[in-house]
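Everything below belongs to input_28.cif, which stores mmCIF, C-alpha atoms and all ligand atoms.
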data_input
#
loop_
_atom_site.label_atom_id
_atom_site.label_comp_id
_atom_site.auth_asym_id
_atom_site.auth_seq_id
_atom_site.Cartn_x
_atom_site.Cartn_y
_atom_site.Cartn_z
CA MET A 29 0.00 0.00 0.00
CA LYS A 30 2.88 2.37 -0.66
CA PRO A 31 3.62 3.80 -4.12
CA ALA A 32 6.56 2.55 -6.13
CA ALA A 33 9.31 5.12 -6.67
CA PHE A 34 8.84 7.95 -9.19
CA ASP A 35 10.32 11.33 -10.01
CA TYR A 36 8.11 14.23 -8.99
CA VAL A 37 7.96 17.33 -11.16
CA ARG A 38 6.16 20.45 -10.00
CA ALA A 39 5.39 22.45 -13.12
CA GLU A 40 5.24 26.19 -12.66
CA SER A 41 3.83 27.14 -16.04
CA LEU A 42 1.68 25.52 -18.68
CA ASP A 43 4.64 25.53 -21.09
CA GLU A 44 6.77 23.60 -18.60
CA ALA A 45 4.02 21.05 -18.08
CA LEU A 46 3.57 20.54 -21.82
CA ASP A 47 7.34 20.15 -22.25
CA VAL A 48 7.42 17.39 -19.66
CA LEU A 49 4.50 15.62 -21.33
CA ALA A 50 6.12 15.95 -24.75
CA ALA A 51 9.42 14.58 -23.46
CA GLU A 52 8.14 11.78 -21.21
CA GLY A 53 5.02 10.66 -23.08
CA ALA A 54 3.39 7.61 -21.55
CA ASP A 55 5.98 7.47 -18.75
CA ALA A 56 4.50 10.57 -17.14
CA THR A 57 1.24 10.74 -15.21
CA ILE A 58 -0.52 13.99 -14.44
CA LEU A 59 -1.25 14.64 -10.77
CA ALA A 60 -3.96 17.16 -9.93
CA GLY A 61 -6.10 16.56 -6.82
CA GLY A 62 -4.83 12.99 -6.54
CA GLN A 63 -8.08 11.39 -5.41
CA THR A 64 -8.02 8.83 -8.21
CA LEU A 65 -4.30 8.68 -8.95
CA VAL A 66 -2.92 8.35 -5.41
CA PRO A 67 -5.06 5.30 -4.51
CA MET A 68 -3.86 3.73 -7.76
CA LEU A 69 -0.25 4.57 -6.87
CA ASN A 70 -0.76 3.15 -3.37
CA MET A 71 -2.14 -0.08 -4.75
CA ARG A 72 0.53 -0.06 -7.46
CA MET A 73 -2.08 -0.28 -10.18
CA ALA A 74 -0.25 2.76 -11.56
CA ARG A 75 3.56 2.81 -11.69
CA PRO A 76 4.56 5.95 -13.59
CA ARG A 77 8.20 6.94 -13.93
CA VAL A 78 7.31 10.62 -13.56
CA VAL A 79 4.48 12.27 -11.67
CA LEU A 80 3.74 15.73 -13.03
CA ASP A 81 2.01 17.97 -10.47
CA ILE A 82 -0.03 20.64 -12.27
CA MET A 83 -1.79 22.16 -9.26
CA ARG A 84 0.50 25.20 -9.15
CA LEU A 85 0.00 26.18 -12.78
CA PRO A 86 -1.30 29.74 -12.82
CA GLY A 87 -4.64 30.64 -14.40
CA LEU A 88 -6.16 27.16 -14.56
CA ASP A 89 -8.20 27.55 -11.38
CA ARG A 90 -11.01 29.53 -12.99
CA ILE A 91 -14.70 28.77 -13.38
CA ASP A 92 -16.13 30.92 -16.18
CA ILE A 93 -19.82 31.01 -16.90
CA ALA A 94 -20.45 32.67 -20.25
CA GLU A 95 -21.86 32.05 -23.71
CA GLY A 96 -23.95 29.09 -22.74
CA ALA A 97 -21.23 27.11 -20.99
CA ILE A 98 -19.66 26.58 -17.58
CA ARG A 99 -15.96 26.32 -18.32
CA VAL A 100 -13.97 24.66 -15.53
CA GLY A 101 -10.18 24.92 -15.54
CA ALA A 102 -7.78 22.04 -14.94
CA THR A 103 -7.03 22.81 -11.29
CA VAL A 104 -10.57 23.61 -10.07
CA ARG A 105 -11.48 21.31 -7.22
CA GLN A 106 -14.87 19.60 -7.16
CA ARG A 107 -15.66 21.43 -3.93
CA ALA A 108 -15.08 24.81 -5.56
CA LEU A 109 -17.55 24.03 -8.34
CA GLU A 110 -20.04 22.69 -5.79
CA ARG A 111 -19.85 26.04 -4.01
CA GLN A 112 -20.07 28.18 -7.13
CA ALA A 113 -22.86 30.72 -6.61
CA ASP A 114 -26.11 29.81 -8.39
CA LEU A 115 -24.67 26.67 -9.92
CA GLY A 116 -28.11 25.06 -9.73
CA LYS A 117 -29.58 27.87 -11.82
CA HIS A 118 -26.87 27.68 -14.45
CA GLN A 119 -26.90 23.90 -14.70
CA PRO A 120 -29.12 21.92 -12.30
CA LEU A 121 -27.78 18.56 -13.48
CA LEU A 122 -24.24 19.46 -12.47
CA ALA A 123 -25.40 20.79 -9.09
CA ALA A 124 -27.42 17.61 -8.48
CA ALA A 125 -24.57 15.26 -9.37
CA LEU A 126 -21.65 16.90 -7.53
CA PRO A 127 -22.66 15.83 -3.98
CA TRP A 128 -22.61 12.19 -5.17
CA ILE A 129 -18.89 12.26 -5.95
CA GLY A 130 -17.01 10.40 -3.21
CA HIS A 131 -17.22 12.26 0.07
CA ALA A 132 -16.90 15.92 1.08
CA GLN A 133 -13.39 15.04 2.28
CA THR A 134 -12.33 13.80 -1.18
CA ARG A 135 -14.19 16.55 -3.08
CA ASN A 136 -12.04 19.03 -1.14
CA ARG A 137 -9.04 17.76 -3.11
CA GLY A 138 -10.33 16.06 -6.25
CA THR A 139 -10.55 18.15 -9.41
CA VAL A 140 -13.33 18.27 -12.00
CA CYS A 141 -10.99 17.78 -14.95
CA GLY A 142 -9.14 14.98 -13.12
CA SER A 143 -12.34 12.99 -12.81
CA VAL A 144 -12.97 13.45 -16.53
CA ALA A 145 -9.37 12.50 -17.37
CA ASN A 146 -9.49 9.30 -15.32
CA ALA A 147 -12.79 8.20 -16.90
CA ASP A 148 -13.92 5.75 -14.28
CA PRO A 149 -17.02 4.10 -15.81
CA SER A 150 -19.06 4.82 -12.68
CA ALA A 151 -17.84 8.39 -12.13
CA GLU A 152 -20.46 11.13 -12.04
CA LEU A 153 -18.69 13.96 -13.89
CA PRO A 154 -17.98 12.06 -17.13
CA LEU A 155 -21.64 10.98 -17.07
CA VAL A 156 -22.90 14.54 -16.68
CA LEU A 157 -20.52 15.78 -19.36
CA VAL A 158 -21.84 13.14 -21.78
CA ALA A 159 -25.50 13.80 -20.89
CA LEU A 160 -25.07 17.53 -21.53
CA ARG A 161 -22.95 16.99 -24.66
CA GLY A 162 -20.10 18.95 -23.15
CA GLU A 163 -16.60 19.44 -24.45
CA ILE A 164 -13.05 18.79 -23.35
CA GLU A 165 -10.26 21.24 -24.18
CA LEU A 166 -6.89 19.61 -24.71
CA ARG A 167 -3.53 21.23 -25.22
CA SER A 168 -0.10 19.92 -26.17
CA ARG A 169 3.09 21.23 -27.74
CA ARG A 170 1.39 20.42 -31.06
CA GLY A 171 -1.51 22.78 -30.40
CA ALA A 172 -4.96 22.94 -28.88
CA ARG A 173 -8.11 21.06 -29.77
CA ARG A 174 -11.61 20.44 -28.47
CA ALA A 175 -13.17 17.00 -28.13
CA ALA A 176 -16.86 16.16 -27.81
CA ALA A 177 -17.60 14.28 -24.57
CA ASN A 178 -19.45 11.52 -26.38
CA ALA A 179 -16.40 10.53 -28.42
CA PHE A 180 -13.82 11.27 -25.71
CA PHE A 181 -14.51 8.33 -23.40
CA THR A 182 -13.31 5.13 -25.05
CA GLY A 183 -13.45 2.47 -22.33
CA ILE A 184 -12.67 1.64 -18.72
CA MET A 185 -10.38 4.42 -17.45
CA SER A 186 -9.44 5.28 -20.99
CA THR A 187 -10.02 8.28 -23.20
CA GLU A 188 -8.78 9.57 -26.49
CA ARG A 189 -6.40 12.00 -24.78
CA LYS A 190 -2.94 11.57 -26.28
CA ASP A 191 0.02 11.03 -23.96
CA ASP A 192 1.41 14.50 -24.60
CA GLU A 193 -1.91 16.28 -24.01
CA LEU A 194 -3.17 18.04 -20.93
CA ILE A 195 -6.86 18.67 -20.27
CA GLU A 196 -6.88 22.42 -19.93
CA ALA A 197 -10.60 22.76 -19.18
CA VAL A 198 -13.96 21.08 -19.58
CA SER A 199 -17.16 22.89 -20.60
CA PHE A 200 -20.64 21.98 -19.39
CA PRO A 201 -23.44 23.59 -21.43
CA THR A 202 -25.72 25.72 -19.25
CA ALA A 203 -29.42 24.94 -18.82
CA HIS A 204 -31.78 25.64 -21.72
CA ALA A 205 -35.07 27.38 -21.13
CA GLY A 206 -37.82 24.80 -21.22
CA ALA A 207 -35.57 21.85 -20.40
CA GLY A 208 -35.64 19.78 -17.21
CA TYR A 209 -32.71 17.94 -15.65
CA ALA A 210 -32.41 15.18 -13.07
CA PHE A 211 -29.75 12.92 -11.56
CA ARG A 212 -30.18 9.69 -9.59
CA GLU A 213 -27.77 7.06 -8.37
CA ILE A 214 -27.75 3.77 -6.48
CA GLY A 215 -24.68 2.53 -4.59
CA ARG A 216 -24.11 0.11 -1.74
CA ARG A 217 -23.13 2.81 0.70
CA HIS A 218 -23.13 6.57 0.57
CA GLY A 219 -20.05 7.71 -1.32
CA ASP A 220 -19.38 4.30 -2.87
CA PHE A 221 -19.00 3.78 -6.58
CA ALA A 222 -22.30 3.88 -8.42
CA ILE A 223 -23.90 0.56 -9.31
CA VAL A 224 -26.07 2.55 -11.69
CA ALA A 225 -26.13 6.33 -12.15
CA CYS A 226 -28.65 8.14 -14.37
CA ALA A 227 -28.58 11.65 -15.81
CA ALA A 228 -31.66 12.84 -17.73
CA VAL A 229 -32.39 15.86 -19.90
CA VAL A 230 -35.96 16.41 -21.07
CA ASP A 231 -37.36 19.26 -23.13
CA THR A 232 -40.65 19.77 -24.97
CA HIS A 233 -40.01 17.33 -27.78
CA LYS A 234 -37.15 15.07 -26.80
CA ALA A 235 -35.66 13.20 -23.89
CA ARG A 236 -32.21 11.79 -23.39
CA LEU A 237 -30.78 9.57 -20.72
CA ALA A 238 -27.15 8.86 -19.91
CA ILE A 239 -26.22 5.80 -17.86
CA GLY A 240 -23.04 5.33 -15.82
CA GLY A 241 -21.73 2.31 -13.91
CA VAL A 242 -23.00 -0.32 -16.36
CA ALA A 243 -21.05 -0.21 -19.63
CA ASP A 244 -17.33 0.55 -19.88
CA ARG A 245 -18.12 4.27 -20.25
CA PRO A 246 -21.14 6.58 -19.90
CA ILE A 247 -23.68 5.86 -22.63
CA LEU A 248 -26.21 8.39 -23.92
CA ARG A 249 -29.45 7.57 -25.71
CA GLU A 250 -32.35 9.59 -27.09
CA LEU A 251 -35.63 8.21 -25.80
CA PRO A 252 -39.35 8.91 -26.21
CA LEU A 253 -40.73 11.57 -23.89
CA PRO A 254 -41.92 10.42 -20.45
CA GLY A 255 -45.62 9.72 -20.72
CA SER A 256 -45.45 8.28 -24.23
CA ALA A 257 -46.51 4.68 -24.68
CA ASP A 258 -43.29 3.45 -26.26
CA LEU A 259 -40.93 4.64 -23.49
CA THR A 260 -41.02 1.35 -21.57
CA ASP A 261 -39.96 -0.68 -24.60
CA ALA A 262 -37.26 1.81 -25.46
CA LEU A 263 -35.87 1.66 -21.90
CA ASP A 264 -35.93 -2.15 -21.98
CA ALA A 265 -33.97 -2.09 -25.22
CA PHE A 266 -31.51 0.44 -23.79
CA ALA A 267 -30.97 -1.70 -20.67
CA ALA A 268 -30.38 -4.80 -22.82
CA ASP A 269 -27.94 -3.02 -25.13
CA LEU A 270 -25.74 -1.80 -22.28
CA ASP A 271 -24.06 -5.19 -21.90
CA ALA A 272 -24.17 -5.25 -18.09
CA ARG A 273 -21.83 -7.69 -16.34
CA ASP A 274 -21.96 -9.49 -13.02
CA ASP A 275 -19.42 -8.29 -10.50
CA LEU A 276 -18.84 -8.19 -6.74
CA HIS A 277 -21.28 -5.34 -6.29
CA ALA A 278 -24.29 -6.36 -8.37
CA THR A 279 -25.54 -8.87 -10.89
CA ALA A 280 -26.11 -7.93 -14.51
CA ALA A 281 -29.85 -8.56 -14.09
CA TYR A 282 -30.01 -6.15 -11.13
CA ARG A 283 -28.16 -3.51 -13.12
CA ARG A 284 -30.57 -3.89 -16.06
CA ALA A 285 -33.53 -3.62 -13.69
CA LEU A 286 -32.05 -0.45 -12.21
CA VAL A 287 -31.54 1.09 -15.64
CA ARG A 288 -35.24 0.52 -16.39
CA ARG A 289 -36.66 1.63 -13.04
CA LEU A 290 -34.21 4.33 -11.97
CA GLY A 291 -33.92 5.52 -15.57
CA LEU A 292 -37.67 5.97 -15.76
CA GLN A 293 -37.80 7.81 -12.44
CA THR A 294 -34.97 10.09 -13.50
CA LEU A 295 -36.68 10.93 -16.80
CA GLN A 296 -39.97 11.59 -15.00
CA GLU A 297 -38.26 13.84 -12.49
CA ALA A 298 -36.54 15.77 -15.28
CA ALA A 299 -39.86 16.17 -17.11
CA ALA A 300 -41.54 17.40 -13.92
CA CYS A 301 -38.97 20.09 -13.25
CA ARG A 302 -38.90 21.51 -16.76
CA ALA A 303 -38.32 25.25 -16.39
CA MET B 7 10.79 23.86 -12.37
CA PRO B 8 11.71 21.53 -9.50
CA ARG B 9 12.25 17.90 -10.40
CA LEU B 10 12.61 15.72 -7.34
CA MET B 11 14.40 12.50 -8.18
CA ALA B 12 12.85 9.21 -7.13
CA ALA B 13 15.79 7.72 -5.29
CA SER B 14 16.70 10.68 -3.10
CA SER B 15 15.08 12.50 -0.23
CA HIS B 16 14.01 16.10 -0.45
CA ARG B 17 13.26 18.76 2.12
CA VAL B 18 9.54 19.37 2.63
CA SER B 19 8.27 22.25 4.79
CA PHE B 20 4.80 23.29 5.82
CA THR B 21 2.91 24.63 8.79
CA LEU B 22 1.68 21.96 11.21
CA ASN B 23 -0.73 23.18 13.87
CA GLY B 24 0.65 26.70 13.63
CA ARG B 25 4.37 25.81 13.65
CA VAL B 26 6.63 25.62 10.63
CA VAL B 27 8.00 22.09 10.37
CA SER B 28 10.22 20.34 7.87
CA GLY B 29 11.69 16.96 7.13
CA GLU B 30 13.07 14.76 4.39
CA ALA B 31 10.83 12.77 2.06
CA GLU B 32 11.17 10.73 -1.08
CA PRO B 33 8.65 11.83 -3.72
CA ARG B 34 6.57 8.71 -3.11
CA MET B 35 6.12 9.32 0.63
CA LEU B 36 2.47 9.84 1.60
CA LEU B 37 1.55 12.82 3.76
CA SER B 38 0.15 10.43 6.38
CA ASP B 39 3.50 8.66 6.72
CA PHE B 40 5.39 11.94 6.70
CA ILE B 41 3.27 13.30 9.56
CA ARG B 42 3.59 10.12 11.60
CA HIS B 43 7.07 8.81 10.89
CA VAL B 44 9.09 11.87 9.96
CA LEU B 45 7.41 14.47 12.15
CA GLY B 46 6.42 12.00 14.88
CA ALA B 47 2.85 13.31 15.19
CA THR B 48 1.13 9.97 15.63
CA GLY B 49 -2.31 11.35 16.50
CA THR B 50 -3.27 10.94 12.84
CA HIS B 51 -4.15 7.31 12.25
CA VAL B 52 -3.81 5.19 9.13
CA GLY B 53 -6.34 2.52 8.20
CA CYS B 54 -6.87 1.62 4.57
CA GLU B 55 -4.41 3.79 2.66
CA HIS B 56 -6.74 4.15 -0.28
CA GLY B 57 -9.12 6.87 0.76
CA VAL B 58 -11.99 4.77 2.06
CA CYS B 59 -11.88 4.78 5.87
CA GLY B 60 -11.19 8.41 6.78
CA ALA B 61 -8.92 7.57 9.73
CA CYS B 62 -6.10 9.67 8.27
CA THR B 63 -8.20 12.82 7.76
CA VAL B 64 -6.37 16.08 8.46
CA GLN B 65 -7.14 19.66 7.45
CA ILE B 66 -5.16 20.91 4.46
CA ASP B 67 -5.50 24.68 4.10
CA GLY B 68 -8.63 24.51 6.24
CA ALA B 69 -10.37 21.71 4.33
CA PRO B 70 -10.63 18.15 5.70
CA ALA B 71 -8.86 15.71 3.39
CA ARG B 72 -7.28 12.24 3.37
CA SER B 73 -3.59 12.46 4.24
CA CYS B 74 -3.11 9.01 2.65
CA LEU B 75 -4.21 10.48 -0.69
CA ALA B 76 -1.66 13.28 -0.73
CA LEU B 77 2.09 13.11 -1.26
CA ALA B 78 4.21 14.95 1.29
CA VAL B 79 5.94 16.84 -1.54
CA GLN B 80 2.53 18.04 -2.80
CA VAL B 81 1.72 20.05 0.32
CA GLU B 82 4.94 22.07 0.41
CA GLY B 83 4.04 25.41 2.00
CA ALA B 84 0.52 24.37 2.99
CA ASP B 85 -1.22 24.92 6.31
CA ILE B 86 -1.92 21.52 7.90
CA ARG B 87 -3.89 20.84 11.07
CA THR B 88 -4.05 17.51 12.83
CA VAL B 89 -5.80 16.28 15.96
CA GLU B 90 -2.83 17.49 18.03
CA GLY B 91 -3.89 21.03 17.12
CA LEU B 92 -7.37 20.83 18.65
CA ALA B 93 -6.71 21.01 22.39
CA PRO B 94 -6.01 24.54 23.67
CA ALA B 95 -3.45 23.23 26.19
CA ALA B 96 -1.80 19.92 27.08
CA ASP B 97 -4.21 19.30 29.96
CA ARG B 98 -7.39 20.65 28.39
CA LEU B 99 -9.68 19.25 25.73
CA SER B 100 -11.39 21.35 23.08
CA PRO B 101 -15.21 21.63 23.35
CA LEU B 102 -15.54 19.17 20.45
CA GLN B 103 -13.28 16.65 22.16
CA ASN B 104 -15.16 17.14 25.43
CA ALA B 105 -18.45 16.48 23.67
CA PHE B 106 -17.05 13.16 22.44
CA ARG B 107 -16.03 12.25 25.98
CA ASP B 108 -19.37 13.26 27.49
CA ASN B 109 -21.45 11.42 24.87
CA TYR B 110 -19.39 8.23 24.50
CA GLY B 111 -18.45 9.33 20.96
CA LEU B 112 -15.48 6.94 20.94
CA GLN B 113 -14.56 3.48 22.10
CA CYS B 114 -11.22 2.26 20.75
CA GLY B 115 -10.49 5.71 19.34
CA PHE B 116 -8.96 4.57 16.09
CA CYS B 117 -11.38 6.51 13.88
CA THR B 118 -11.64 9.49 16.24
CA PRO B 119 -8.79 11.80 15.15
CA GLY B 120 -10.03 11.78 11.56
CA ILE B 121 -13.64 12.33 12.58
CA LEU B 122 -12.68 15.20 14.86
CA MET B 123 -10.79 16.96 12.06
CA SER B 124 -13.78 16.62 9.72
CA LEU B 125 -16.30 17.79 12.31
CA ASP B 126 -14.11 20.67 13.47
CA ALA B 127 -14.18 22.07 9.93
CA LEU B 128 -17.89 21.35 9.48
CA LEU B 129 -18.94 23.05 12.72
CA ASP B 130 -16.77 26.05 11.94
CA GLU B 131 -18.40 26.46 8.60
CA ARG B 132 -22.01 25.70 9.58
CA PRO B 133 -22.81 26.74 13.14
CA ASN B 134 -26.43 25.65 12.69
CA VAL B 135 -25.53 22.30 11.19
CA SER B 136 -28.36 19.74 11.00
CA GLU B 137 -28.23 16.10 11.96
CA ALA B 138 -28.61 15.18 8.28
CA GLU B 139 -25.59 17.29 7.37
CA ILE B 140 -23.55 15.69 10.15
CA ARG B 141 -24.51 12.22 8.92
CA GLU B 142 -23.64 13.18 5.35
CA PHE B 143 -20.21 14.37 6.51
CA LEU B 144 -19.64 11.27 8.64
CA SER B 145 -20.25 9.08 5.59
CA GLY B 146 -16.62 9.79 4.80
CA HIS B 147 -15.52 7.93 7.94
CA LEU B 148 -15.72 4.33 9.10
CA CYS B 149 -16.10 3.48 12.78
CA ARG B 150 -16.09 -0.20 13.75
CA CYS B 151 -17.05 0.36 17.41
CA THR B 152 -19.71 2.92 18.15
CA GLY B 153 -22.45 2.31 15.60
CA TYR B 154 -22.23 6.05 14.86
CA ALA B 155 -25.25 7.10 17.00
CA SER B 156 -23.05 8.39 19.80
CA ILE B 157 -20.81 10.19 17.29
CA VAL B 158 -23.81 12.03 15.84
CA LYS B 159 -24.93 12.87 19.38
CA SER B 160 -21.45 14.18 20.25
CA ALA B 161 -21.36 16.32 17.12
CA LEU B 162 -24.79 17.82 17.82
CA ALA B 163 -23.78 18.54 21.42
CA ALA B 164 -20.57 20.21 20.25
CA ALA B 165 -22.48 22.34 17.74
CA ARG B 166 -24.89 23.45 20.47
CA GLN B 167 -21.99 24.25 22.77
CA ARG B 168 -20.27 26.31 20.09
CA ARG B 169 -23.42 28.35 19.49
CA GLU B 170 -23.79 29.02 23.22
CA ASP B 171 -20.13 29.96 23.58
CA ARG B 172 -20.64 32.40 20.76
CA VAL B 173 -23.68 34.01 22.44
CA TYR B 174 -21.89 34.48 25.77
CA ALA B 175 -18.50 35.34 24.30
S1 LIG A 401 -6.08 5.60 5.73
FE1 LIG A 401 -6.60 7.31 4.55
S2 LIG A 401 -8.69 7.02 4.14
FE2 LIG A 401 -8.14 5.18 5.15
S1 LIG A 402 -14.18 4.12 18.12
FE1 LIG A 402 -13.24 2.30 17.42
S2 LIG A 402 -13.33 2.58 15.27
FE2 LIG A 402 -14.45 4.24 15.98
#

Can you give me the file's structure in the form of structure tokens?
Amino acid sequence: MKPAAFDYVRAESLDEALDVLAAEGADATILAGGQTLVPMLNMRMARPRVVLDIMRLPGLDRIDIAEGAIRVGATVRQRALERQADLGKHQPLLAAALPWIGHAQTRNRGTVCGSVANADPSAELPLVLVALRGEIELRSRRGARRAAANAFFTGIMSTERKDDELIEAVSFPTAHAGAGYAFREIGRRHGDFAIVACAAVVDTHKARLAIGGVADRPILRELPLPGSADLTDALDAFAADLDARDDLHATAAYRRALVRRLGLQTLQEAAACRA
Amino acid sequence: MPRLMAASSHRVSFTLNGRVVSGEAEPRMLLSDFIRHVLGATGTHVGCEHGVCGACTVQIDGAPARSCLALAVQVEGADIRTVEGLAPAADRLSPLQNAFRDNYGLQCGFCTPGILMSLDALLDERPNVSEAEIREFLSGHLCRCTGYASIVKSALAAARQRREDRVYA
């Protein structure tokens, strides 16, 4: 339960950080809040040669709400976003999901972008980012680019971030007038990993539901509006397509049942709180 | 840009309970081990070492956090508080600690230092804290002895005491 040896680099500017990533490639791991990485180091599931600490990079600790998006910089802690004034007005789904991430004591350190970068299949922030069709801003020595959340997550703890890229920020679209949002989750204990997590967005003519904790990444699907006759069948099909597996925490059948029941409740709640 | 090499030890300094302290650490040394083994402050306990049990909780720049999920080299220059910083004097307990004694909030005491550091921050921030909020906060801690009821009772008693102290201060 102690990390294997590594070099520790404390970058003082974005340029320095990008240089290290360009030079070290896959041998370097980015350390931000450490709430996913340090347990993996402790259990030696991660054995990087270089740990690159980005928390002292200037200017990346900003939350900007403008032009229809909440842009969260690389070093913003989950707790800071949770405490952002009027977050629930700007994006109720984000405000509803944040308290479900780990515990207050881990949200005090963990970053928003770090959770997206690590891409745990049951993590809340990747799920919300997918449900809202958010974006990830990446930067490397080669330049900057934006990736759509839906294409960014590629599997268990894997994304299409290249080894030399740093997530500079993630953007969550703000709430649309007339749309309703809801988040629900089931876990064994409070603060545990989600067995199933649901994020729903419903407006006047369409509904979409994103599911975390079941497939190898968050999966988004357009569904009939709550109240329409064909929603049950569509949810059944969605649950079947997710390829749930048995594990220590739950059986595949239980997960499918949760997708149908909890998914329906989440969609209904979103429909009911349409602004 | 500092690069601390894996095989050597490096000087780490921060404020611990109001005093500047320093010691030598390899990059891979956890803050929990640094506090206990290098600085000798063994009030902070270590249970799981992967962020689940909360025994190692300390305050980093005022916010309760797992010291087993931070590297010592990461907190260079930070302000750290541990359970040793709660009591106002060697022979006096803080009101929060007293509430735990009065309400049987501990048995073996293994989980207690971490819980105290979480609750100290919570009560500071929310003087009118509710039982639900206390329970939510305690979800970040495991206690194998008390069944939690007496911990919740202790926390509520401490919150009440703090409010009264404030009125009469
Ligand atoms: S020892 Fe740190 S959370 Fe258990
Ligand atoms: S008092 Fe023994 S673990 Fe809590």

> In Å, how far is it from atom CA of A:Thr294 to atom CA of A:Gln63?
Replying inline: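 That distance, rounded to one decimal, is 28.1 Å.
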
Show me which residues line ligand LIG 402 (chain A), defined as having an atom within 9 Å of a ligand atom where only C-alpha atoms and all ligand atoms count, and present them as a PDB file with C-alpha atoms, keeping the file's coordinate frame.
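Wrote result-v2.pdb, looks like this:
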ATOM      1  CA  ALA B  61      -8.920   7.570   9.730  1.00  0.00           C
ATOM      2  CA  GLY B 111     -18.450   9.330  20.960  1.00  0.00           C
ATOM      3  CA  LEU B 112     -15.480   6.940  20.940  1.00  0.00           C
ATOM      4  CA  GLN B 113     -14.560   3.480  22.100  1.00  0.00           C
ATOM      5  CA  CYS B 114     -11.220   2.260  20.750  1.00  0.00           C
ATOM      6  CA  GLY B 115     -10.490   5.710  19.340  1.00  0.00           C
ATOM      7  CA  PHE B 116      -8.960   4.570  16.090  1.00  0.00           C
ATOM      8  CA  CYS B 117     -11.380   6.510  13.880  1.00  0.00           C
ATOM      9  CA  THR B 118     -11.640   9.490  16.240  1.00  0.00           C
ATOM     10  CA  ILE B 121     -13.640  12.330  12.580  1.00  0.00           C
ATOM     11  CA  HIS B 147     -15.520   7.930   7.940  1.00  0.00           C
ATOM     12  CA  LEU B 148     -15.720   4.330   9.100  1.00  0.00           C
ATOM     13  CA  CYS B 149     -16.100   3.480  12.780  1.00  0.00           C
ATOM     14  CA  ARG B 150     -16.090  -0.200  13.750  1.00  0.00           C
ATOM     15  CA  CYS B 151     -17.050   0.360  17.410  1.00  0.00           C
ATOM     16  CA  THR B 152     -19.710   2.920  18.150  1.00  0.00           C
ATOM     17  CA  GLY B 153     -22.450   2.310  15.600  1.00  0.00           C
ATOM     18  CA  TYR B 154     -22.230   6.050  14.860  1.00  0.00           C
ATOM     19  CA  ILE B 157     -20.810  10.190  17.290  1.00  0.00           C
TER      20      ILE B 157
END

>> I want to know what sits within 9 Å of stretch 16-21 of chain B, based on only C-alpha atoms, with residues of the same chain fewer than 6 positions away left out; could you give that as a list in words?
In response: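 Here the answer would be Leu10, Val27, Ser28, Gly29, Glu30, Ala31, Glu32, Pro33, Ala78, Val79, Gln80, Val81, Glu82, Gly83, Ala84, Asp85, Ile86 and Arg87 of chain B.
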
> For the atom pair atom CA of A:Leu259 and atom CA of A:Glu297, what is the interatomic distance in Å to one decimal place?
Replying inline: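 Value for the atom CA of A:Leu259-atom CA of A:Glu297 distance: 14.6 Å.
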
> If we count all atoms listed in the file, which residues of chain A reach to within 8 Å of chain B? Please list them as JSON, numbers by chain.
Replying inline: {"A": [29, 30, 31, 32, 33, 34, 35, 36, 37, 38, 39, 40, 44, 62, 63, 66, 67, 70, 71, 81, 131, 132, 133, 134, 136, 137, 218, 219]}

Might I get the box with edges along x, y and z of the file that holds all atoms of ligand LIG 401 (chain A) listed there, padded by 8 Å on every side, given as centre and edge lengths in Å to one decimal, as AutoDock Vina command-line options?
--center_x -7.4 --center_y 6.2 --center_z 4.9 --size_x 18.6 --size_y 18.1 --size_z 17.6

> Do you know which residues lie at most 10 Å from (-11.9, 27.6, -13.1), with coordinates as in the file and only C-alpha atoms counted, and could you write them as a PyMOL selection string?
Replying inline: chain A and resi 87-93+98-105+108-109+140+196-198

Export, as a compact mmCIF listing (two decimals), keeping the file's coordinate frame, the selected residues with C-alpha atoms.
# COMPACT_ATOMS: atom_id res chain seq x y z
CA GLY A 87 -4.64 30.64 -14.40
CA LEU A 88 -6.16 27.16 -14.56
CA ASP A 89 -8.20 27.55 -11.38
CA ARG A 90 -11.01 29.53 -12.99
CA ILE A 91 -14.70 28.77 -13.38
CA ASP A 92 -16.13 30.92 -16.18
CA ILE A 93 -19.82 31.01 -16.90
CA ILE A 98 -19.66 26.58 -17.58
CA ARG A 99 -15.96 26.32 -18.32
CA VAL A 100 -13.97 24.66 -15.53
CA GLY A 101 -10.18 24.92 -15.54
CA ALA A 102 -7.78 22.04 -14.94
CA THR A 103 -7.03 22.81 -11.29
CA VAL A 104 -10.57 23.61 -10.07
CA ARG A 105 -11.48 21.31 -7.22
CA ALA A 108 -15.08 24.81 -5.56
CA LEU A 109 -17.55 24.03 -8.34
CA VAL A 140 -13.33 18.27 -12.00
CA GLU A 196 -6.88 22.42 -19.93
CA ALA A 197 -10.60 22.76 -19.18
CA VAL A 198 -13.96 21.08 -19.58

> What is the distance, in Å and to one decimal place, between atom CA of A:Arg174 and atom CA of A:Thr187?
Replying inline: 13.3 Å

>> Excluding A:Phe266 and its own-chain neighbours fewer than 2 positions away, which residues fall within 10 Å of it when counting all atoms listed in the file? Please give them as JSON, numbers by chain.
In response: {"A": [237, 239, 247, 248, 249, 250, 251, 260, 261, 262, 263, 264, 268, 269, 270, 271, 284, 287, 288, 291]}

> Hey, which of A:Val156, A:Gly215, A:Ala179, A:Gly130 ends up closest to ligand LIG 401 (chain A)? Count only C-alpha atoms and all ligand atoms.
Replying inline: A:Gly130

> Which residue, B:His51, B:Arg107, B:Arg98, B:Arg132, has the smallest gap to ligand LIG 401 (chain A) when you use all atoms listed in the file?
Replying inline: B:His51
